[in-house]
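Next comes work-v2.cif, with mmCIF, C-alpha atoms.
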data_my_file
loop_
_atom_site.group_PDB
_atom_site.id
_atom_site.type_symbol
_atom_site.label_atom_id
_atom_site.label_comp_id
_atom_site.auth_asym_id
_atom_site.auth_seq_id
_atom_site.Cartn_x
_atom_site.Cartn_y
_atom_site.Cartn_z
ATOM 1 C CA MET A 235 116.170 86.101 102.044
ATOM 2 C CA LYS A 236 113.140 88.289 101.356
ATOM 3 C CA PRO A 237 112.570 91.641 103.082
ATOM 4 C CA ASN A 238 109.414 90.514 104.881
ATOM 5 C CA GLN A 239 111.320 87.511 106.232
ATOM 6 C CA LEU A 240 113.834 89.895 107.830
ATOM 7 C CA THR A 241 110.898 91.801 109.302
ATOM 8 C CA THR A 242 109.559 88.517 110.716
ATOM 9 C CA ILE A 243 112.935 87.858 112.360
ATOM 10 C CA ARG A 244 112.634 91.315 113.950
ATOM 11 C CA LEU A 245 109.162 90.377 115.178
ATOM 12 C CA GLY A 246 110.698 87.315 116.824
ATOM 13 C CA LEU A 247 113.249 89.478 118.653
ATOM 14 C CA ILE A 248 110.649 91.533 120.511
ATOM 15 C CA LEU A 249 109.886 89.095 123.321
ATOM 16 C CA PRO A 250 113.579 88.328 124.029
ATOM 17 C CA ILE A 251 114.255 92.094 124.071
ATOM 18 C CA LEU A 252 111.479 92.677 126.587
ATOM 19 C CA ILE A 253 112.364 89.674 128.762
ATOM 20 C CA SER A 254 116.055 90.584 128.902
ATOM 21 C CA GLN A 255 115.165 94.171 129.869
ATOM 22 C CA GLN A 256 112.805 92.980 132.587
ATOM 23 C CA ILE A 257 115.359 90.587 134.132
ATOM 24 C CA ASN A 258 117.467 93.711 134.748
ATOM 25 C CA THR A 259 120.878 92.220 135.490
ATOM 26 C CA THR A 260 124.165 93.311 133.975
ATOM 27 C CA ILE A 261 124.222 90.336 131.604
ATOM 28 C CA SER A 262 120.548 90.629 130.634
ATOM 29 C CA LEU A 263 120.890 94.354 129.916
ATOM 30 C CA ILE A 264 123.922 93.674 127.705
ATOM 31 C CA VAL A 265 121.838 91.042 125.874
ATOM 32 C CA CYS A 266 118.946 93.502 125.587
ATOM 33 C CA PHE A 267 121.230 96.217 124.216
ATOM 34 C CA ALA A 268 122.691 93.802 121.639
ATOM 35 C CA LEU A 269 119.223 92.609 120.595
ATOM 36 C CA VAL A 270 117.991 96.188 120.162
ATOM 37 C CA ILE A 271 121.023 96.945 117.957
ATOM 38 C CA CYS A 272 120.339 93.764 115.975
ATOM 39 C CA HIS A 273 116.658 94.728 115.614
ATOM 40 C CA GLU A 274 117.571 98.172 114.288
ATOM 41 C CA ILE A 275 120.191 96.824 111.856
ATOM 42 C CA LEU A 276 117.632 94.366 110.500
ATOM 43 C CA ASP A 277 115.137 97.225 110.216
ATOM 44 C CA ILE A 278 117.545 99.121 107.988
ATOM 45 C CA ALA A 279 118.424 95.942 106.062
ATOM 46 C CA ASP A 280 114.846 94.909 105.290
ATOM 47 C CA GLY A 281 114.025 98.318 103.813
ATOM 48 C CA ARG A 282 117.201 98.519 101.764
ATOM 49 C CA LEU A 283 116.736 94.964 100.527
ATOM 50 C CA ALA A 284 113.126 95.661 99.526
ATOM 51 C CA ARG A 285 114.087 98.779 97.574
ATOM 52 C CA SER A 286 117.252 97.374 95.964
ATOM 53 C CA THR A 287 115.527 94.163 94.787
ATOM 54 C CA ARG A 288 112.263 95.913 93.921
ATOM 55 C CA GLN A 289 110.360 93.803 96.424
ATOM 56 C CA VAL A 290 108.503 96.718 98.012
ATOM 57 C CA THR A 291 104.944 95.535 98.685
ATOM 58 C CA ASP A 292 101.831 97.109 100.142
ATOM 59 C CA PHE A 293 101.998 94.414 102.854
ATOM 60 C CA GLY A 294 105.614 95.320 103.656
ATOM 61 C CA LYS A 295 104.710 99.011 103.861
ATOM 62 C CA LEU A 296 102.348 98.107 106.701
ATOM 63 C CA TYR A 297 104.199 95.156 108.243
ATOM 64 C CA ASP A 298 107.539 96.947 108.738
ATOM 65 C CA PRO A 299 106.167 99.922 110.726
ATOM 66 C CA PHE A 300 103.863 97.551 112.631
ATOM 67 C CA VAL A 301 106.882 95.555 113.849
ATOM 68 C CA ASP A 302 108.765 98.801 114.597
ATOM 69 C CA SER A 303 105.829 99.988 116.707
ATOM 70 C CA LEU A 304 105.485 96.704 118.588
ATOM 71 C CA CYS A 305 109.166 96.596 119.479
ATOM 72 C CA ARG A 306 109.473 100.193 120.557
ATOM 73 C CA PHE A 307 106.193 100.110 122.454
ATOM 74 C CA ALA A 308 107.214 96.925 124.268
ATOM 75 C CA LEU A 309 110.567 98.377 125.301
ATOM 76 C CA PHE A 310 109.218 101.774 126.424
ATOM 77 C CA LEU A 311 106.436 99.990 128.308
ATOM 78 C CA GLY A 312 109.123 97.810 129.894
ATOM 79 C CA PHE A 313 111.004 100.928 130.984
ATOM 80 C CA PHE A 314 107.793 102.286 132.511
ATOM 81 C CA GLY A 315 106.958 98.982 134.214
ATOM 82 C CA SER A 316 110.446 98.779 135.695
ATOM 83 C CA GLY A 317 110.101 102.199 137.314
ATOM 84 C CA TRP A 318 113.014 103.538 135.289
ATOM 85 C CA GLY A 319 111.747 107.123 135.077
ATOM 86 C CA VAL A 320 109.457 106.882 132.042
ATOM 87 C CA SER A 321 106.086 108.528 132.597
ATOM 88 C CA LEU A 322 102.895 106.855 131.429
ATOM 89 C CA TRP A 323 101.979 109.896 129.311
ATOM 90 C CA MET A 324 105.195 109.380 127.344
ATOM 91 C CA VAL A 325 104.415 105.725 126.621
ATOM 92 C CA TYR A 326 100.873 106.725 125.675
ATOM 93 C CA THR A 327 102.102 109.452 123.288
ATOM 94 C CA LEU A 328 104.585 107.104 121.612
ATOM 95 C CA PHE A 329 101.922 104.430 121.180
ATOM 96 C CA ALA A 330 99.110 106.830 120.197
ATOM 97 C CA ARG A 331 101.227 108.354 117.430
ATOM 98 C CA ASP A 332 101.895 104.970 115.862
ATOM 99 C CA ILE A 333 98.297 103.774 116.201
ATOM 100 C CA THR A 334 96.996 107.039 114.748
ATOM 101 C CA VAL A 335 99.403 106.871 111.814
ATOM 102 C CA ALA A 336 98.417 103.249 111.177
ATOM 103 C CA TYR A 337 94.730 104.158 111.066
ATOM 104 C CA VAL A 338 95.424 107.185 108.870
ATOM 105 C CA ARG A 339 97.267 104.865 106.464
ATOM 106 C CA VAL A 340 94.313 102.471 106.392
ATOM 107 C CA TYR A 341 91.919 105.369 105.756
ATOM 108 C CA ALA A 342 94.192 106.701 103.027
ATOM 109 C CA ALA A 343 94.316 103.259 101.391
ATOM 110 C CA HIS A 344 90.521 103.100 101.558
ATOM 111 C CA SER A 345 90.526 106.457 99.747
ATOM 112 C CA GLY A 346 92.822 105.040 97.059
ATOM 113 C CA VAL A 347 96.047 106.513 98.421
ATOM 114 C CA ILE A 348 98.880 104.182 99.463
ATOM 115 C CA VAL A 349 101.105 106.084 101.843
ATOM 116 C CA ALA A 350 104.711 105.032 102.343
ATOM 117 C CA ALA A 351 106.657 106.008 105.424
ATOM 118 C CA ARG A 352 107.384 109.718 105.643
ATOM 119 C CA TRP A 353 110.766 111.303 106.234
ATOM 120 C CA SER A 354 109.510 112.684 109.551
ATOM 121 C CA GLY A 355 108.626 109.189 110.738
ATOM 122 C CA LYS A 356 111.891 107.646 109.665
ATOM 123 C CA TYR A 357 114.209 110.339 110.945
ATOM 124 C CA ILE A 358 112.409 112.815 113.212
ATOM 125 C CA LYS A 359 110.709 110.022 115.192
ATOM 126 C CA ALA A 360 112.704 106.831 114.751
ATOM 127 C CA ILE A 361 116.202 108.142 115.408
ATOM 128 C CA PRO A 362 115.322 109.906 118.701
ATOM 129 C CA GLN A 363 113.381 106.815 119.822
ATOM 130 C CA VAL A 364 116.254 104.451 119.059
ATOM 131 C CA LEU A 365 118.773 106.801 120.669
ATOM 132 C CA ALA A 366 116.545 107.117 123.751
ATOM 133 C CA GLN A 367 116.300 103.335 124.022
ATOM 134 C CA LEU A 368 120.059 102.922 123.792
ATOM 135 C CA VAL A 369 120.748 105.779 126.229
ATOM 136 C CA VAL A 370 118.234 104.356 128.736
ATOM 137 C CA LEU A 371 119.660 100.845 128.483
ATOM 138 C CA SER A 372 123.212 102.217 128.788
ATOM 139 C CA ALA A 373 122.310 104.318 131.833
ATOM 140 C CA HIS A 374 120.707 101.395 133.621
ATOM 141 C CA LEU A 375 123.514 99.074 132.619
ATOM 142 C CA LEU A 376 126.044 101.551 134.032
ATOM 143 C CA LYS A 377 123.891 101.911 137.152
ATOM 144 C CA THR A 378 124.524 98.226 137.934
ATOM 145 C CA ARG A 379 128.182 99.215 138.386
ATOM 146 C CA TYR A 380 127.744 102.829 139.528
ATOM 147 C CA PRO A 381 124.628 102.949 141.740
ATOM 148 C CA GLN A 382 124.914 106.725 142.241
ATOM 149 C CA LEU A 383 124.373 107.352 138.496
ATOM 150 C CA PRO A 384 121.092 109.304 138.009
ATOM 151 C CA ALA A 385 119.726 106.743 135.550
ATOM 152 C CA GLU A 386 116.064 107.659 136.151
ATOM 153 C CA GLN A 387 116.719 111.323 135.304
ATOM 154 C CA ILE A 388 118.710 110.322 132.224
ATOM 155 C CA THR A 389 115.845 108.062 131.245
ATOM 156 C CA TYR A 390 113.202 110.711 131.799
ATOM 157 C CA TRP A 391 114.903 113.361 129.681
ATOM 158 C CA SER A 392 115.958 110.970 126.917
ATOM 159 C CA VAL A 393 112.445 109.630 126.536
ATOM 160 C CA PHE A 394 110.950 113.116 126.958
ATOM 161 C CA VAL A 395 112.922 114.367 123.933
ATOM 162 C CA ALA A 396 111.958 111.279 121.907
ATOM 163 C CA THR A 397 108.308 111.821 122.874
ATOM 164 C CA ILE A 398 108.320 115.435 121.675
ATOM 165 C CA PHE A 399 109.864 114.454 118.327
ATOM 166 C CA THR A 400 107.401 111.573 118.025
ATOM 167 C CA ALA A 401 104.406 113.847 118.601
ATOM 168 C CA ALA A 402 105.747 116.324 116.015
ATOM 169 C CA SER A 403 106.179 113.592 113.422
ATOM 170 C CA GLY A 404 102.635 112.383 114.083
ATOM 171 C CA LEU A 405 101.238 115.839 113.457
ATOM 172 C CA ASP A 406 103.328 116.145 110.286
ATOM 173 C CA TYR A 407 102.058 112.785 109.060
ATOM 174 C CA ILE A 408 98.387 113.529 109.741
ATOM 175 C CA CYS A 409 98.545 116.979 108.116
ATOM 176 C CA SER A 410 100.365 115.696 105.041
ATOM 177 C CA VAL A 411 98.077 112.714 104.462
ATOM 178 C CA GLY A 412 95.015 114.869 105.100
ATOM 179 C CA LYS A 413 96.115 117.330 102.415
ATOM 180 C CA THR A 414 96.792 114.498 99.957
ATOM 181 C CA ILE A 415 93.374 112.918 100.530
ATOM 182 C CA ASN A 416 91.626 116.309 100.282
ATOM 183 C CA LYS A 417 93.319 116.972 96.923
ATOM 184 C CA ARG A 418 92.161 113.612 95.581
ATOM 185 C CA THR A 419 88.585 113.973 96.768
ATOM 186 C CA HIS A 420 88.016 117.587 95.657
#
The structure in this file should be written as structure tokens.
Amino acid sequence: MKPNQLTTIRLGLILPILISQQINTTISLIVCFALVICHEILDIADGRLARSTRQVTDFGKLYDPFVDSLCRFALFLGFFGSGWGVSLWMVYTLFARDITVAYVRVYAAHSGVIVAARWSGKYIKAIPQVLAQLVVLSAHLLKTRYPQLPAEQITYWSVFVATIFTAASGLDYICSVGKTINKRTH
């Protein structure tokens, strides 16, 4: 299987992830949790496969983060829409960072610079976002059994931390790419 095919499988998981989260029953939240884990494992696998088989492509460098953004945006928007304690400004910040980075990458490519994913995006942003998603799903899954659990507060603070790290990685990305483009054009 080719790396971009794994990414396409991940793309196909997004709607089932969102639907299972929105159904909001014990079984559907377990399914959602499992699908998110599967999505993240495939995300790691497609990148490793691309690098180990030397199948890294300019398309894959854009397609992979695009699918990451769609999945995470859909799930955080689902949390917001379900009234689970996620504020709209958080969803906006998460989405705006990814859109901004995508446009910066396009501008960089137009300037002759192909920009791969940065360390800050992979680790400073992605890990807190994935952890927040899993913590939120776990809290709301546990709330189906323990109604007194403060799942909305757990959600708020988990996503708040992920939002702060996401904003920081966006600033890092923009500053770094800006410096690279300025060096090439001057």
Q) Out of A:Leu311, A:Ile358, A:Leu296, A:Cys409, which residue has the shortest atom-to-atom distance to Val395 of chain A when counting all atoms listed in the file? A)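 Once distances to Val395 of chain A are computed over all atoms listed in the file, the minimum belongs to A:Ile358.
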Q) Could you work out how far atom CA of Lys377 of chain A lies from atom CA of Ile361 of chain A, giving the answer in Å with one decimal? A)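 Interatomic distance, atom CA of Ile361 of chain A to atom CA of Lys377 of chain A: 23.9 Å.
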Residue neighbourhood Val347 of chain A, 10 Å, all atoms listed in the file, exclusion window fewer than 4 positions, as an mmCIF file with C-alpha atoms, in the frame of the given file:
data_model
loop_
_atom_site.group_PDB
_atom_site.id
_atom_site.type_symbol
_atom_site.label_atom_id
_atom_site.label_comp_id
_atom_site.auth_asym_id
_atom_site.auth_seq_id
_atom_site.Cartn_x
_atom_site.Cartn_y
_atom_site.Cartn_z
ATOM 1 C CA ARG A 339 97.267 104.865 106.464
ATOM 2 C CA VAL A 340 94.313 102.471 106.392
ATOM 3 C CA TYR A 341 91.919 105.369 105.756
ATOM 4 C CA ALA A 342 94.192 106.701 103.027
ATOM 5 C CA ALA A 343 94.316 103.259 101.391
ATOM 6 C CA VAL A 411 98.077 112.714 104.462
ATOM 7 C CA THR A 414 96.792 114.498 99.957
ATOM 8 C CA ILE A 415 93.374 112.918 100.530
ATOM 9 C CA ARG A 418 92.161 113.612 95.581
#
Q. If I put a ball of radius 10 Å at (108.3, 116.1, 113.0) in the file's coordinates, which residues poke into it when counting all atoms listed in the file, written as a PyMOL selection string?
A. chain A and resi 352-359+398-407
Please produce a file of the residues just selected, as a CSV table (one decimal), in the coordinates of the input, where the atoms kept are C-alpha atoms.
chain,number,residue,atom,x,y,z
A,352,ARG,CA,107.4,109.7,105.6
A,353,TRP,CA,110.8,111.3,106.2
A,354,SER,CA,109.5,112.7,109.6
A,355,GLY,CA,108.6,109.2,110.7
A,356,LYS,CA,111.9,107.6,109.7
A,357,TYR,CA,114.2,110.3,110.9
A,358,ILE,CA,112.4,112.8,113.2
A,359,LYS,CA,110.7,110.0,115.2
A,398,ILE,CA,108.3,115.4,121.7
A,399,PHE,CA,109.9,114.5,118.3
A,400,THR,CA,107.4,111.6,118.0
A,401,ALA,CA,104.4,113.8,118.6
A,402,ALA,CA,105.7,116.3,116.0
A,403,SER,CA,106.2,113.6,113.4
A,404,GLY,CA,102.6,112.4,114.1
A,405,LEU,CA,101.2,115.8,113.5
A,406,ASP,CA,103.3,116.1,110.3
A,407,TYR,CA,102.1,112.8,109.1
(Q) When the PyMOL selection byres ((chain A and resi 387) around 10) is applied to the structure above, which residues does it catch, written out as a list in words? (A)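 Answer for the PyMOL selection byres ((chain A and resi 387) around 10): Trp318, Gly319, Val320, Val370, Ala373, Leu383, Pro384, Ala385, Glu386, Ile388, Thr389, Tyr390, Trp391, Ser392 and Val393 of chain A.
Nearest residue to Leu371 of chain A among A:Thr327, A:Thr259, A:Thr241, A:Thr291 is A:Thr259, counting all atoms listed in the file.
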Q: Could you tell me which of A:Ser286, A:Phe329, A:Val265, A:Asp277 comes closest to Asp298 of chain A if we count only C-alpha atoms?
A: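 That would be A:Asp277, the residue with the smallest distance to Asp298 of chain A.
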Q | Counting all atoms listed in the file, the option among A:Leu245, A:Ala396, A:Leu328, A:Ile275 closest to Ala366 of chain A | A |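 Residue with the minimum atom-to-atom distance to Ala366 of chain A: A:Ala396.
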Q.
Need the shell around Asp302 of chain A: protein/DNA/RNA residues with any atom at most 9 Å away, counting all atoms listed in the file. Skip same-chain ones fewer than 5 positions apart. Format as a list in words?
A. Arg244, Leu245, His273, Glu274, Asp277, Tyr297, Phe307 and Ala360 of chain A
Q) When distances are computed from all atoms listed in the file, which of A:Leu269, A:Ile408, A:Ile257, A:Ala308 shows the smallest separation from Arg331 of chain A? A)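 So, comparing all the options, the nearest one is A:Ile408.
The two atoms in question, atom CA of Tyr326 of chain A and atom CA of Val270 of chain A, are spaced 20.8 Å apart.
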Q.
Would you compute the distance between atom CA of Gln256 of chain A and atom CA of Ile333 of chain A? Give it in Å to one decimal.
A. 24.4 Å
Q: List the residues matched by the PyMOL selection byres ((chain A and resi 237) around 9) in the displayed structure as a list in words, ordered by chain and then by residue number.
A: Met235, Lys236, Asn238, Gln239, Leu240, Thr241, Thr242, Ala279, Asp280, Gly281, Arg282, Leu283, Ala284, Gln289, Val290 and Gly294 of chain A
